[in-house]
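See below for structure24.cif, which holds mmCIF, C-alpha atoms and all ligand atoms.
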data_data
#
loop_
_atom_site.group_PDB
_atom_site.id
_atom_site.type_symbol
_atom_site.label_atom_id
_atom_site.label_comp_id
_atom_site.auth_asym_id
_atom_site.auth_seq_id
_atom_site.Cartn_x
_atom_site.Cartn_y
_atom_site.Cartn_z
ATOM 1 C CA MET Y 1 0.000 0.000 0.000
ATOM 2 C CA THR Y 2 1.480 3.283 -1.075
ATOM 3 C CA GLU Y 3 1.859 6.232 1.278
ATOM 4 C CA ARG Y 4 2.370 8.581 -1.590
ATOM 5 C CA PRO Y 5 -0.803 10.559 -2.293
ATOM 6 C CA TYR Y 6 -2.317 9.650 -5.639
ATOM 7 C CA LEU Y 7 -2.194 12.061 -8.550
ATOM 8 C CA ILE Y 8 -5.096 11.866 -10.972
ATOM 9 C CA ALA Y 9 -4.250 13.984 -13.987
ATOM 10 C CA GLY Y 10 -6.426 14.795 -16.979
ATOM 11 C CA ASN Y 11 -4.697 15.476 -20.282
ATOM 12 C CA TRP Y 12 -7.274 17.273 -22.384
ATOM 13 C CA LYS Y 13 -4.961 17.316 -25.421
ATOM 14 C CA MET Y 14 -6.323 19.536 -28.234
ATOM 15 C CA HIS Y 15 -9.869 19.589 -26.900
ATOM 16 C CA GLY Y 16 -11.823 22.480 -25.510
ATOM 17 C CA LEU Y 17 -12.861 25.890 -26.716
ATOM 18 C CA ARG Y 18 -13.081 28.393 -23.900
ATOM 19 C CA GLN Y 19 -16.655 27.780 -22.713
ATOM 20 C CA GLU Y 20 -16.397 24.020 -23.021
ATOM 21 C CA GLY Y 21 -13.133 23.987 -21.067
ATOM 22 C CA LEU Y 22 -14.498 26.239 -18.345
ATOM 23 C CA ASP Y 23 -17.617 24.093 -17.994
ATOM 24 C CA LEU Y 24 -15.512 20.946 -17.688
ATOM 25 C CA ALA Y 25 -13.100 22.531 -15.204
ATOM 26 C CA ARG Y 26 -15.951 23.754 -13.020
ATOM 27 C CA ALA Y 27 -17.709 20.395 -13.192
ATOM 28 C CA VAL Y 28 -14.532 18.660 -11.985
ATOM 29 C CA ALA Y 29 -14.081 21.200 -9.181
ATOM 30 C CA GLU Y 30 -17.680 20.795 -8.011
ATOM 31 C CA ARG Y 31 -17.204 17.063 -7.605
ATOM 32 C CA ALA Y 32 -13.776 17.447 -6.068
ATOM 33 C CA HIS Y 33 -14.599 19.958 -3.415
ATOM 34 C CA GLY Y 34 -12.935 18.808 -0.234
ATOM 35 C CA ALA Y 35 -13.790 15.178 -0.838
ATOM 36 C CA LEU Y 36 -10.359 13.709 -1.408
ATOM 37 C CA THR Y 37 -8.165 16.054 0.576
ATOM 38 C CA GLY Y 38 -4.739 14.694 1.356
ATOM 39 C CA ARG Y 39 -5.275 11.352 -0.334
ATOM 40 C CA VAL Y 40 -5.702 12.221 -3.993
ATOM 41 C CA ASP Y 41 -4.363 15.240 -5.858
ATOM 42 C CA LEU Y 42 -6.331 16.287 -8.923
ATOM 43 C CA LEU Y 43 -4.857 17.994 -11.960
ATOM 44 C CA VAL Y 44 -6.266 19.081 -15.302
ATOM 45 C CA CYS Y 45 -4.094 19.982 -18.282
ATOM 46 C CA PRO Y 46 -6.109 22.042 -20.749
ATOM 47 C CA PRO Y 47 -4.840 23.354 -24.093
ATOM 48 C CA ALA Y 48 -2.519 26.376 -23.743
ATOM 49 C CA THR Y 49 -5.143 28.678 -25.272
ATOM 50 C CA ILE Y 50 -7.463 28.327 -22.268
ATOM 51 C CA LEU Y 51 -4.899 27.762 -19.543
ATOM 52 C CA GLY Y 52 -5.381 31.271 -18.124
ATOM 53 C CA PRO Y 53 -9.183 31.149 -17.822
ATOM 54 C CA VAL Y 54 -9.064 27.599 -16.422
ATOM 55 C CA CYS Y 55 -6.418 28.609 -13.856
ATOM 56 C CA ASP Y 56 -8.612 31.533 -12.806
ATOM 57 C CA ALA Y 57 -11.725 29.352 -12.580
ATOM 58 C CA LEU Y 58 -9.947 26.753 -10.430
ATOM 59 C CA ALA Y 59 -7.936 29.163 -8.275
ATOM 60 C CA ASP Y 60 -9.796 28.473 -5.026
ATOM 61 C CA THR Y 61 -10.452 24.801 -5.611
ATOM 62 C CA PRO Y 62 -8.417 21.653 -4.850
ATOM 63 C CA VAL Y 63 -7.885 21.074 -8.595
ATOM 64 C CA ALA Y 64 -4.444 22.041 -9.920
ATOM 65 C CA VAL Y 65 -3.761 23.078 -13.502
ATOM 66 C CA GLY Y 66 -0.932 22.083 -15.811
ATOM 67 C CA GLY Y 67 0.356 22.706 -19.314
ATOM 68 C CA GLN Y 68 0.835 19.993 -21.943
ATOM 69 C CA ASP Y 69 4.285 21.024 -23.177
ATOM 70 C CA CYS Y 70 6.839 23.806 -22.801
ATOM 71 C CA HIS Y 71 9.946 25.143 -24.526
ATOM 72 C CA PRO Y 72 13.321 24.671 -22.807
ATOM 73 C CA GLU Y 73 14.167 28.393 -22.955
ATOM 74 C CA PRO Y 74 12.560 31.046 -20.749
ATOM 75 C CA LYS Y 75 12.106 33.447 -23.695
ATOM 76 C CA GLY Y 76 13.392 34.064 -27.193
ATOM 77 C CA ALA Y 77 12.759 33.828 -30.913
ATOM 78 C CA HIS Y 78 10.698 30.633 -30.871
ATOM 79 C CA THR Y 79 7.542 31.296 -32.857
ATOM 80 C CA GLY Y 80 4.558 29.378 -31.577
ATOM 81 C CA ASP Y 81 6.295 27.994 -28.515
ATOM 82 C CA VAL Y 82 5.400 28.591 -24.882
ATOM 83 C CA ALA Y 83 7.944 28.941 -22.065
ATOM 84 C CA ALA Y 84 7.501 27.158 -18.750
ATOM 85 C CA GLU Y 85 7.641 30.582 -17.094
ATOM 86 C CA MET Y 86 4.627 31.646 -19.164
ATOM 87 C CA LEU Y 87 2.630 28.649 -17.961
ATOM 88 C CA ALA Y 88 3.631 29.357 -14.365
ATOM 89 C CA ASP Y 89 2.718 33.009 -14.828
ATOM 90 C CA LEU Y 90 -0.864 31.973 -15.638
ATOM 91 C CA GLY Y 91 -1.054 29.834 -12.508
ATOM 92 C CA ALA Y 92 -0.028 26.406 -13.807
ATOM 93 C CA SER Y 93 1.777 24.220 -11.291
ATOM 94 C CA HIS Y 94 2.608 21.263 -13.547
ATOM 95 C CA VAL Y 95 3.606 20.623 -17.133
ATOM 96 C CA ILE Y 96 3.571 17.391 -19.126
ATOM 97 C CA VAL Y 97 6.766 16.815 -21.114
ATOM 98 C CA GLY Y 98 7.659 14.024 -23.496
ATOM 99 C CA HIS Y 99 4.143 12.802 -24.165
ATOM 100 C CA SER Y 100 4.356 10.182 -26.911
ATOM 101 C CA GLU Y 101 2.257 12.387 -29.189
ATOM 102 C CA ARG Y 102 5.122 14.894 -28.985
ATOM 103 C CA ARG Y 103 7.847 12.255 -29.178
ATOM 104 C CA GLN Y 104 6.163 10.796 -32.285
ATOM 105 C CA ASN Y 105 4.465 13.712 -34.034
ATOM 106 C CA HIS Y 106 7.173 16.278 -33.337
ATOM 107 C CA GLY Y 107 10.240 14.042 -33.299
ATOM 108 C CA GLU Y 108 11.105 14.900 -29.698
ATOM 109 C CA ARG Y 109 13.983 12.915 -28.243
ATOM 110 C CA SER Y 110 14.854 12.353 -24.606
ATOM 111 C CA ALA Y 111 17.589 15.041 -24.520
ATOM 112 C CA LEU Y 112 15.049 17.690 -25.532
ATOM 113 C CA ILE Y 113 12.517 16.338 -23.075
ATOM 114 C CA ARG Y 114 15.072 16.521 -20.288
ATOM 115 C CA ALA Y 115 15.696 20.188 -21.205
ATOM 116 C CA LYS Y 116 11.946 20.852 -21.143
ATOM 117 C CA ALA Y 117 11.634 19.140 -17.761
ATOM 118 C CA ALA Y 118 14.554 21.217 -16.484
ATOM 119 C CA ALA Y 119 12.695 24.328 -17.688
ATOM 120 C CA ALA Y 120 9.650 23.271 -15.671
ATOM 121 C CA LEU Y 121 11.813 22.979 -12.543
ATOM 122 C CA ARG Y 122 13.459 26.335 -13.264
ATOM 123 C CA ALA Y 123 9.979 27.891 -13.453
ATOM 124 C CA GLY Y 124 9.050 26.368 -10.098
ATOM 125 C CA MET Y 125 6.691 23.796 -11.567
ATOM 126 C CA THR Y 126 6.410 20.027 -11.375
ATOM 127 C CA ALA Y 127 7.403 18.166 -14.554
ATOM 128 C CA ILE Y 128 5.341 15.144 -15.577
ATOM 129 C CA VAL Y 129 7.839 13.173 -17.651
ATOM 130 C CA CYS Y 130 6.198 10.644 -19.973
ATOM 131 C CA VAL Y 131 7.823 7.426 -21.164
ATOM 132 C CA GLY Y 132 6.513 4.388 -22.989
ATOM 133 C CA GLU Y 133 7.253 1.855 -25.686
ATOM 134 C CA THR Y 134 5.578 1.343 -29.077
ATOM 135 C CA ARG Y 135 3.799 -1.871 -30.058
ATOM 136 C CA GLU Y 136 6.740 -2.862 -32.254
ATOM 137 C CA GLU Y 137 9.179 -2.344 -29.398
ATOM 138 C CA ARG Y 138 7.029 -4.433 -27.060
ATOM 139 C CA ASP Y 139 6.638 -7.208 -29.636
ATOM 140 C CA ALA Y 140 10.412 -7.221 -30.117
ATOM 141 C CA GLY Y 141 10.910 -7.711 -26.370
ATOM 142 C CA GLU Y 142 12.460 -4.262 -26.044
ATOM 143 C CA ALA Y 143 9.848 -2.522 -23.880
ATOM 144 C CA ALA Y 144 11.902 -2.490 -20.685
ATOM 145 C CA SER Y 145 15.127 -1.362 -22.347
ATOM 146 C CA VAL Y 146 13.370 1.401 -24.326
ATOM 147 C CA VAL Y 147 11.561 2.718 -21.252
ATOM 148 C CA SER Y 148 14.706 2.455 -19.152
ATOM 149 C CA ARG Y 149 16.637 4.557 -21.690
ATOM 150 C CA GLN Y 150 13.837 7.109 -21.814
ATOM 151 C CA VAL Y 151 13.784 7.398 -18.013
ATOM 152 C CA LEU Y 152 17.534 7.874 -17.700
ATOM 153 C CA GLY Y 153 17.603 10.272 -20.667
ATOM 154 C CA SER Y 154 14.580 12.395 -19.792
ATOM 155 C CA VAL Y 155 14.776 13.034 -16.035
ATOM 156 C CA PRO Y 156 16.523 16.369 -15.464
ATOM 157 C CA PRO Y 157 19.263 17.121 -12.931
ATOM 158 C CA GLY Y 158 17.778 18.334 -9.661
ATOM 159 C CA ALA Y 159 14.624 16.272 -10.037
ATOM 160 C CA THR Y 160 13.062 15.104 -6.782
ATOM 161 C CA SER Y 161 9.721 13.703 -5.750
ATOM 162 C CA ALA Y 162 8.662 17.289 -5.027
ATOM 163 C CA ASN Y 163 9.143 18.557 -8.577
ATOM 164 C CA CYS Y 164 8.982 15.522 -10.837
ATOM 165 C CA VAL Y 165 6.420 12.829 -11.636
ATOM 166 C CA LEU Y 166 6.922 9.984 -14.113
ATOM 167 C CA ALA Y 167 4.126 8.703 -16.327
ATOM 168 C CA TYR Y 168 4.401 5.285 -17.978
ATOM 169 C CA GLU Y 169 2.235 5.360 -21.076
ATOM 170 C CA PRO Y 170 2.663 2.532 -23.581
ATOM 171 C CA VAL Y 171 2.105 4.193 -26.964
ATOM 172 C CA TRP Y 172 -0.108 1.347 -28.161
ATOM 173 C CA ALA Y 173 -2.435 1.768 -25.175
ATOM 174 C CA ILE Y 174 -3.119 5.469 -25.722
ATOM 175 C CA GLY Y 175 -6.596 6.105 -27.074
ATOM 176 C CA THR Y 176 -7.000 2.497 -28.203
ATOM 177 C CA GLY Y 177 -8.945 0.873 -25.367
ATOM 178 C CA LEU Y 178 -6.052 -1.572 -24.969
ATOM 179 C CA THR Y 179 -4.068 -1.829 -21.736
ATOM 180 C CA PRO Y 180 -1.110 -3.961 -20.672
ATOM 181 C CA THR Y 181 -1.813 -6.759 -18.213
ATOM 182 C CA LEU Y 182 -1.683 -5.767 -14.561
ATOM 183 C CA ASP Y 183 1.500 -7.837 -14.241
ATOM 184 C CA ASP Y 184 3.091 -5.927 -17.113
ATOM 185 C CA ILE Y 185 2.180 -2.567 -15.584
ATOM 186 C CA ALA Y 186 3.489 -3.650 -12.184
ATOM 187 C CA ALA Y 187 6.744 -4.936 -13.661
ATOM 188 C CA MET Y 188 7.329 -1.776 -15.667
ATOM 189 C CA HIS Y 189 6.618 0.505 -12.722
ATOM 190 C CA ALA Y 190 8.957 -1.483 -10.492
ATOM 191 C CA MET Y 191 11.656 -1.262 -13.160
ATOM 192 C CA ILE Y 192 11.126 2.508 -13.532
ATOM 193 C CA ARG Y 193 11.395 3.066 -9.787
ATOM 194 C CA ASP Y 194 14.560 1.001 -9.722
ATOM 195 C CA ARG Y 195 16.072 3.017 -12.600
ATOM 196 C CA LEU Y 196 15.141 6.259 -10.867
ATOM 197 C CA SER Y 197 17.450 5.315 -8.009
ATOM 198 C CA GLU Y 198 20.295 6.177 -10.402
ATOM 199 C CA VAL Y 199 19.082 9.721 -11.000
ATOM 200 C CA MET Y 200 16.994 10.749 -7.981
ATOM 201 C CA ALA Y 201 17.886 10.675 -4.319
ATOM 202 C CA ASP Y 202 14.324 10.167 -3.116
ATOM 203 C CA HIS Y 203 13.177 7.780 -5.818
ATOM 204 C CA ASP Y 204 11.060 5.915 -3.243
ATOM 205 C CA GLN Y 205 8.810 8.935 -2.937
ATOM 206 C CA VAL Y 206 8.426 9.790 -6.631
ATOM 207 C CA ARG Y 207 4.939 9.351 -7.988
ATOM 208 C CA LEU Y 208 4.639 7.007 -10.952
ATOM 209 C CA LEU Y 209 1.475 7.386 -13.013
ATOM 210 C CA TYR Y 210 0.083 4.890 -15.465
ATOM 211 C CA GLY Y 211 -1.522 6.249 -18.642
ATOM 212 C CA GLY Y 212 -3.183 4.664 -21.659
ATOM 213 C CA SER Y 213 -6.915 3.863 -21.864
ATOM 214 C CA VAL Y 214 -7.590 4.359 -18.151
ATOM 215 C CA LYS Y 215 -11.365 4.296 -17.709
ATOM 216 C CA PRO Y 216 -13.757 4.062 -14.746
ATOM 217 C CA ALA Y 217 -14.069 0.312 -15.479
ATOM 218 C CA ASN Y 218 -10.342 -0.514 -15.168
ATOM 219 C CA ALA Y 219 -9.111 2.250 -12.851
ATOM 220 C CA ALA Y 220 -9.529 0.441 -9.517
ATOM 221 C CA GLU Y 221 -7.420 -2.581 -10.442
ATOM 222 C CA ILE Y 222 -4.670 -0.469 -12.025
ATOM 223 C CA LEU Y 223 -4.558 2.034 -9.149
ATOM 224 C CA ALA Y 224 -4.374 -0.792 -6.613
ATOM 225 C CA LEU Y 225 -0.965 -1.898 -7.936
ATOM 226 C CA ALA Y 226 1.865 -1.202 -5.509
ATOM 227 C CA ASP Y 227 3.957 1.130 -7.638
ATOM 228 C CA VAL Y 228 1.088 2.929 -9.364
ATOM 229 C CA ASP Y 229 0.567 6.311 -7.728
ATOM 230 C CA GLY Y 230 -2.022 7.712 -10.056
ATOM 231 C CA ALA Y 231 -3.089 8.011 -13.651
ATOM 232 C CA LEU Y 232 -2.649 10.254 -16.651
ATOM 233 C CA ILE Y 233 -5.980 10.210 -18.420
ATOM 234 C CA GLY Y 234 -6.802 11.402 -21.921
ATOM 235 C CA GLY Y 235 -10.241 10.541 -23.325
ATOM 236 C CA ALA Y 236 -11.926 9.779 -19.998
ATOM 237 C CA SER Y 237 -10.789 13.127 -18.558
ATOM 238 C CA LEU Y 238 -13.040 15.003 -21.003
ATOM 239 C CA ASP Y 239 -16.091 13.900 -19.045
ATOM 240 C CA ALA Y 240 -16.269 15.150 -15.449
ATOM 241 C CA ASP Y 241 -18.153 12.088 -14.203
ATOM 242 C CA SER Y 242 -15.661 9.632 -15.719
ATOM 243 C CA PHE Y 243 -12.710 11.624 -14.426
ATOM 244 C CA TRP Y 244 -14.246 11.821 -10.979
ATOM 245 C CA SER Y 245 -15.083 8.144 -10.851
ATOM 246 C CA ILE Y 246 -11.452 7.317 -11.698
ATOM 247 C CA ALA Y 247 -10.355 9.578 -8.826
ATOM 248 C CA GLN Y 248 -12.767 7.759 -6.531
ATOM 249 C CA ALA Y 249 -11.194 4.449 -7.518
ATOM 250 C CA CYS Y 250 -8.064 5.426 -5.534
ATOM 251 C CA ARG Y 251 -7.990 3.497 -2.277
HETATM 252 P P1 LIG O 301 -6.078 7.972 -23.187
HETATM 253 O O1 LIG O 301 -4.796 8.953 -23.281
HETATM 254 O O2 LIG O 301 -6.511 7.951 -21.764
HETATM 255 O O3 LIG O 301 -7.099 8.612 -24.091
HETATM 256 O O4 LIG O 301 -5.631 6.643 -23.669
HETATM 257 C C1 LIG O 301 -3.824 8.948 -22.286
HETATM 258 C C2 LIG O 301 -2.754 9.970 -22.575
HETATM 259 O O5 LIG O 301 -2.413 10.146 -23.764
HETATM 260 O O6 LIG O 301 -2.229 10.619 -21.668
#
Could you rewrite the structure in this file as structure tokens?
Amino acid sequence: MTERPYLIAGNWKMHGLRQEGLDLARAVAERAHGALTGRVDLLVCPPATILGPVCDALADTPVAVGGQDCHPEPKGAHTGDVAAEMLADLGASHVIVGHSERRQNHGERSALIRAKAAAALRAGMTAIVCVGETREERDAGEAASVVSRQVLGSVPPGATSANCVLAYEPVWAIGTGLTPTLDDIAAMHAMIRDRLSEVMADHDQVRLLYGGSVKPANAAEILALADVDGALIGGASLDADSFWSIAQACR
């Protein structure tokens, strides 16, 4: 049984015009109010365009707000990019880095992701560093070595349990309805925690999230695994009731 508080994080991806996002944020906050204090931390990561309004709407609630990506530099000639400091300035406390949709669609490699995570720390935020193998890598028996390399390559210097969270998200499980077996998730999380001992002093305290087709129906069994300290949720986070019922599955 973990003593680390759970983190239930919603990754809204590229979903949500302003009113829609505000309605969803408020619906999550209404359900969350006071109910899970100290046991489960809640986070929503809206698109950058509505981060400010969502931060304002959730300011006096237990729901934290995060960005979905950031640039390594604090400012500069980087058209279209957003600095970690800019996210923090709006009220964001977390930022996802290295999501597989960025690793795959934008060719991001671990060295860049480590620089982005370092930027999050520099801005006083918590980095959520994502790792995970593709179907081909799993089928080739390379899942553990790929994820291990990503962990060692993506965690920035100075990372601790207070400013860094890891999210294991097998690429083939994201948005597909497929999930690894519970044994596979448990084995991967144990391996990740072991690897973290090489790069983090307090690796025992770091929260490890599972992500990839987490739904109300499978959340309880996944969240009950020893080294699973929460979930990073895409599709099911776009519905306040589903998101809330996943949070309630934390025991
Ligand atoms: P999913 O996405 O829950 O829709 O599978 C998870 C993620 O990409 O973080």
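For Val228 (chain Y), the non-local neighbours within 8 Å, defined as residues at least 2 positions apart in the same chain or in other chains and counting only C-alpha atoms, are Y:Ala186, Y:His189, Y:Arg207, Y:Leu208, Y:Leu209, Y:Tyr210, Y:Ile222, Y:Leu223, Y:Ala224, Y:Leu225, Y:Ala226, Y:Gly230, Y:Ala231.
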May I have a table of the residues of chain Y lying at most 10 Å from ligand LIG 301 (chain O), giving each one's closest pair of atoms and their distance in Å to one decimal, counting only C-alpha atoms and all ligand atoms, ordered by chain and ascending residue number, as a Markdown table?
| residue | atom | partner | partner_atom | distance |
| --- | --- | --- | --- | --- |
| Y:Ala9 | CA | O:LIG301 | O6 | 8.6 |
| Y:Gly10 | CA | O:LIG301 | O6 | 7.6 |
| Y:Asn11 | CA | O:LIG301 | O6 | 5.6 |
| Y:Trp12 | CA | O:LIG301 | O6 | 8.4 |
| Y:Lys13 | CA | O:LIG301 | O5 | 7.8 |
| Y:Gln68 | CA | O:LIG301 | O6 | 9.9 |
| Y:Ile96 | CA | O:LIG301 | O6 | 9.3 |
| Y:His99 | CA | O:LIG301 | O5 | 7.1 |
| Y:Ser100 | CA | O:LIG301 | O5 | 7.5 |
| Y:Glu101 | CA | O:LIG301 | O5 | 7.5 |
| Y:Cys130 | CA | O:LIG301 | O6 | 8.6 |
| Y:Ala167 | CA | O:LIG301 | O6 | 8.5 |
| Y:Tyr168 | CA | O:LIG301 | O6 | 9.3 |
| Y:Glu169 | CA | O:LIG301 | O6 | 6.9 |
| Y:Pro170 | CA | O:LIG301 | O5 | 9.2 |
| Y:Val171 | CA | O:LIG301 | O5 | 8.1 |
| Y:Trp172 | CA | O:LIG301 | O4 | 8.9 |
| Y:Ala173 | CA | O:LIG301 | O4 | 6.0 |
| Y:Ile174 | CA | O:LIG301 | O4 | 3.5 |
| Y:Gly175 | CA | O:LIG301 | O4 | 3.6 |
| Y:Thr176 | CA | O:LIG301 | O4 | 6.3 |
| Y:Gly177 | CA | O:LIG301 | O4 | 6.9 |
| Y:Leu178 | CA | O:LIG301 | O4 | 8.3 |
| Y:Thr179 | CA | O:LIG301 | O4 | 8.8 |
| Y:Leu209 | CA | O:LIG301 | O6 | 10.0 |
| Y:Tyr210 | CA | O:LIG301 | O6 | 8.8 |
| Y:Gly211 | CA | O:LIG301 | C1 | 5.1 |
| Y:Gly212 | CA | O:LIG301 | O4 | 3.7 |
| Y:Ser213 | CA | O:LIG301 | O4 | 3.6 |
| Y:Val214 | CA | O:LIG301 | O2 | 5.2 |
| Y:Lys215 | CA | O:LIG301 | O2 | 7.3 |
| Y:Ala231 | CA | O:LIG301 | O6 | 8.5 |
| Y:Leu232 | CA | O:LIG301 | O6 | 5.0 |
| Y:Ile233 | CA | O:LIG301 | O2 | 4.1 |
| Y:Gly234 | CA | O:LIG301 | O1 | 3.4 |
| Y:Gly235 | CA | O:LIG301 | O3 | 3.8 |
| Y:Ala236 | CA | O:LIG301 | O2 | 6.0 |
| Y:Ser237 | CA | O:LIG301 | O2 | 7.4 |
| Y:Leu238 | CA | O:LIG301 | O3 | 9.3 |
The selected residues should be written to file as a tab-separated table (two decimals), in the coordinates of the input (atoms: C-alpha atoms).
chain	number	residue	atom	x	y	z
Y	9	ALA	CA	-4.25	13.98	-13.99
Y	10	GLY	CA	-6.43	14.80	-16.98
Y	11	ASN	CA	-4.70	15.48	-20.28
Y	12	TRP	CA	-7.27	17.27	-22.38
Y	13	LYS	CA	-4.96	17.32	-25.42
Y	68	GLN	CA	0.84	19.99	-21.94
Y	96	ILE	CA	3.57	17.39	-19.13
Y	99	HIS	CA	4.14	12.80	-24.16
Y	100	SER	CA	4.36	10.18	-26.91
Y	101	GLU	CA	2.26	12.39	-29.19
Y	130	CYS	CA	6.20	10.64	-19.97
Y	167	ALA	CA	4.13	8.70	-16.33
Y	168	TYR	CA	4.40	5.28	-17.98
Y	169	GLU	CA	2.24	5.36	-21.08
Y	170	PRO	CA	2.66	2.53	-23.58
Y	171	VAL	CA	2.10	4.19	-26.96
Y	172	TRP	CA	-0.11	1.35	-28.16
Y	173	ALA	CA	-2.44	1.77	-25.18
Y	174	ILE	CA	-3.12	5.47	-25.72
Y	175	GLY	CA	-6.60	6.10	-27.07
Y	176	THR	CA	-7.00	2.50	-28.20
Y	177	GLY	CA	-8.94	0.87	-25.37
Y	178	LEU	CA	-6.05	-1.57	-24.97
Y	179	THR	CA	-4.07	-1.83	-21.74
Y	209	LEU	CA	1.48	7.39	-13.01
Y	210	TYR	CA	0.08	4.89	-15.46
Y	211	GLY	CA	-1.52	6.25	-18.64
Y	212	GLY	CA	-3.18	4.66	-21.66
Y	213	SER	CA	-6.92	3.86	-21.86
Y	214	VAL	CA	-7.59	4.36	-18.15
Y	215	LYS	CA	-11.36	4.30	-17.71
Y	231	ALA	CA	-3.09	8.01	-13.65
Y	232	LEU	CA	-2.65	10.25	-16.65
Y	233	ILE	CA	-5.98	10.21	-18.42
Y	234	GLY	CA	-6.80	11.40	-21.92
Y	235	GLY	CA	-10.24	10.54	-23.32
Y	236	ALA	CA	-11.93	9.78	-20.00
Y	237	SER	CA	-10.79	13.13	-18.56
Y	238	LEU	CA	-13.04	15.00	-21.00
>> Using Å and a single decimal, report how far CA of His94 (chain Y) sits from CA of Arg114 (chain Y).
In response: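 That distance, rounded to one decimal, is 14.9 Å.
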> Expressed in Å to a single decimal, how great is the separation between CA of Asp69 (chain Y) and CA of Ala219 (chain Y)?
Replying inline: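 So the answer is 25.3 Å.
The smallest atom-to-atom distance between Arg26 (chain Y) and any of Y:Ile113, Y:Ser245, Y:Ala48, Y:Asp239, using only C-alpha atoms, is found for Y:Asp239.
Minimum atom-to-atom distances from Y:Gly38, Y:Pro47, Y:Gly132, Y:Pro74 to Ser148 (chain Y) were compared using all atoms listed in the file, and the lowest value belongs to Y:Gly132.
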>> Calculated over all atoms listed in the file, which of the candidates Y:Leu121, Y:Ala27, Y:Ala247, Y:Leu17 has the smallest distance to Ala162 (chain Y)?
In response: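 For Ala162 (chain Y), the nearest of the given residues is Y:Leu121.
One finds CA of Arg135 (chain Y) at 24.0 Å from CA of Pro216 (chain Y).
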Mind giving me the axis-aligned box for region 177-194 of chain Y with 3 Å on every side, centre plus edges in Å to one decimal, as lines of an AutoDock Vina configuration file?
center_x = 2.8
center_y = -2.4
center_z = -17.5
size_x = 29.5
size_y = 16.9
size_z = 21.6
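Comparing Y:Ala187, Y:Leu22, Y:Ser110, Y:Gly67 by their smallest distance to Ala84 (chain Y), the closest is Y:Gly67 (using only C-alpha atoms).
Selection check: the PyMOL selection byres (((chain Y and resi 83) around 10) and not hetatm) on the shown file gives Y:Asp69, Y:Cys70, Y:His71, Y:Pro72, Y:Glu73, Y:Pro74, Y:Lys75, Y:Gly76, Y:His78, Y:Asp81, Y:Val82, Y:Ala84, Y:Glu85, Y:Met86, Y:Leu87, Y:Ala88, Y:Asp89, Y:Lys116, Y:Ala119, Y:Ala120, Y:Ala123.
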> Which is closest to Val199 (chain Y) among Y:Leu182, Y:Val155, Y:Leu24, Y:Ala220, if we use only C-alpha atoms?
Replying inline: Y:Val155
>> For this structure, which residues satisfy the selection - the PyMOL selection byres (((chain Y and resi 200) around 12) and not hetatm) - when it is evaluated on the file as given? I want them as a VMD selection string.
In response: chain Y and resid 151 to 152 155 to 166 192 to 199 201 to 206
> Pick the closest to Ile128 (chain Y) from Y:Val97, Y:Met191, Y:Ala140, Y:Ala29: which is it, counting only C-alpha atoms?
Replying inline: Y:Val97
>> Given the PyMOL selection byres (((chain Y and resi 18) around 9) and not hetatm) and the file above, list the residues it selects as a ChimeraX atom specification.
In response: /Y:16-17,19-23,49-50,53-54
>> Which residues are close to Pro5 (chain Y), i.e. within 8 Å by all atoms listed in the file, leaving aside same-chain residues fewer than 3 positions away? Reply as a ChimeraX atom specification.
In response: /Y:2,38-41,229
>> Quick one: residues within 9 Å of region 62-65 of chain Y, all atoms listed in the file, excluding same-chain residues fewer than 2 positions away - as JSON, numbers by chain?
In response: {"Y": [25, 28, 29, 32, 33, 34, 36, 37, 41, 42, 43, 44, 45, 46, 51, 54, 55, 58, 59, 60, 67, 91, 92, 93, 94, 95]}
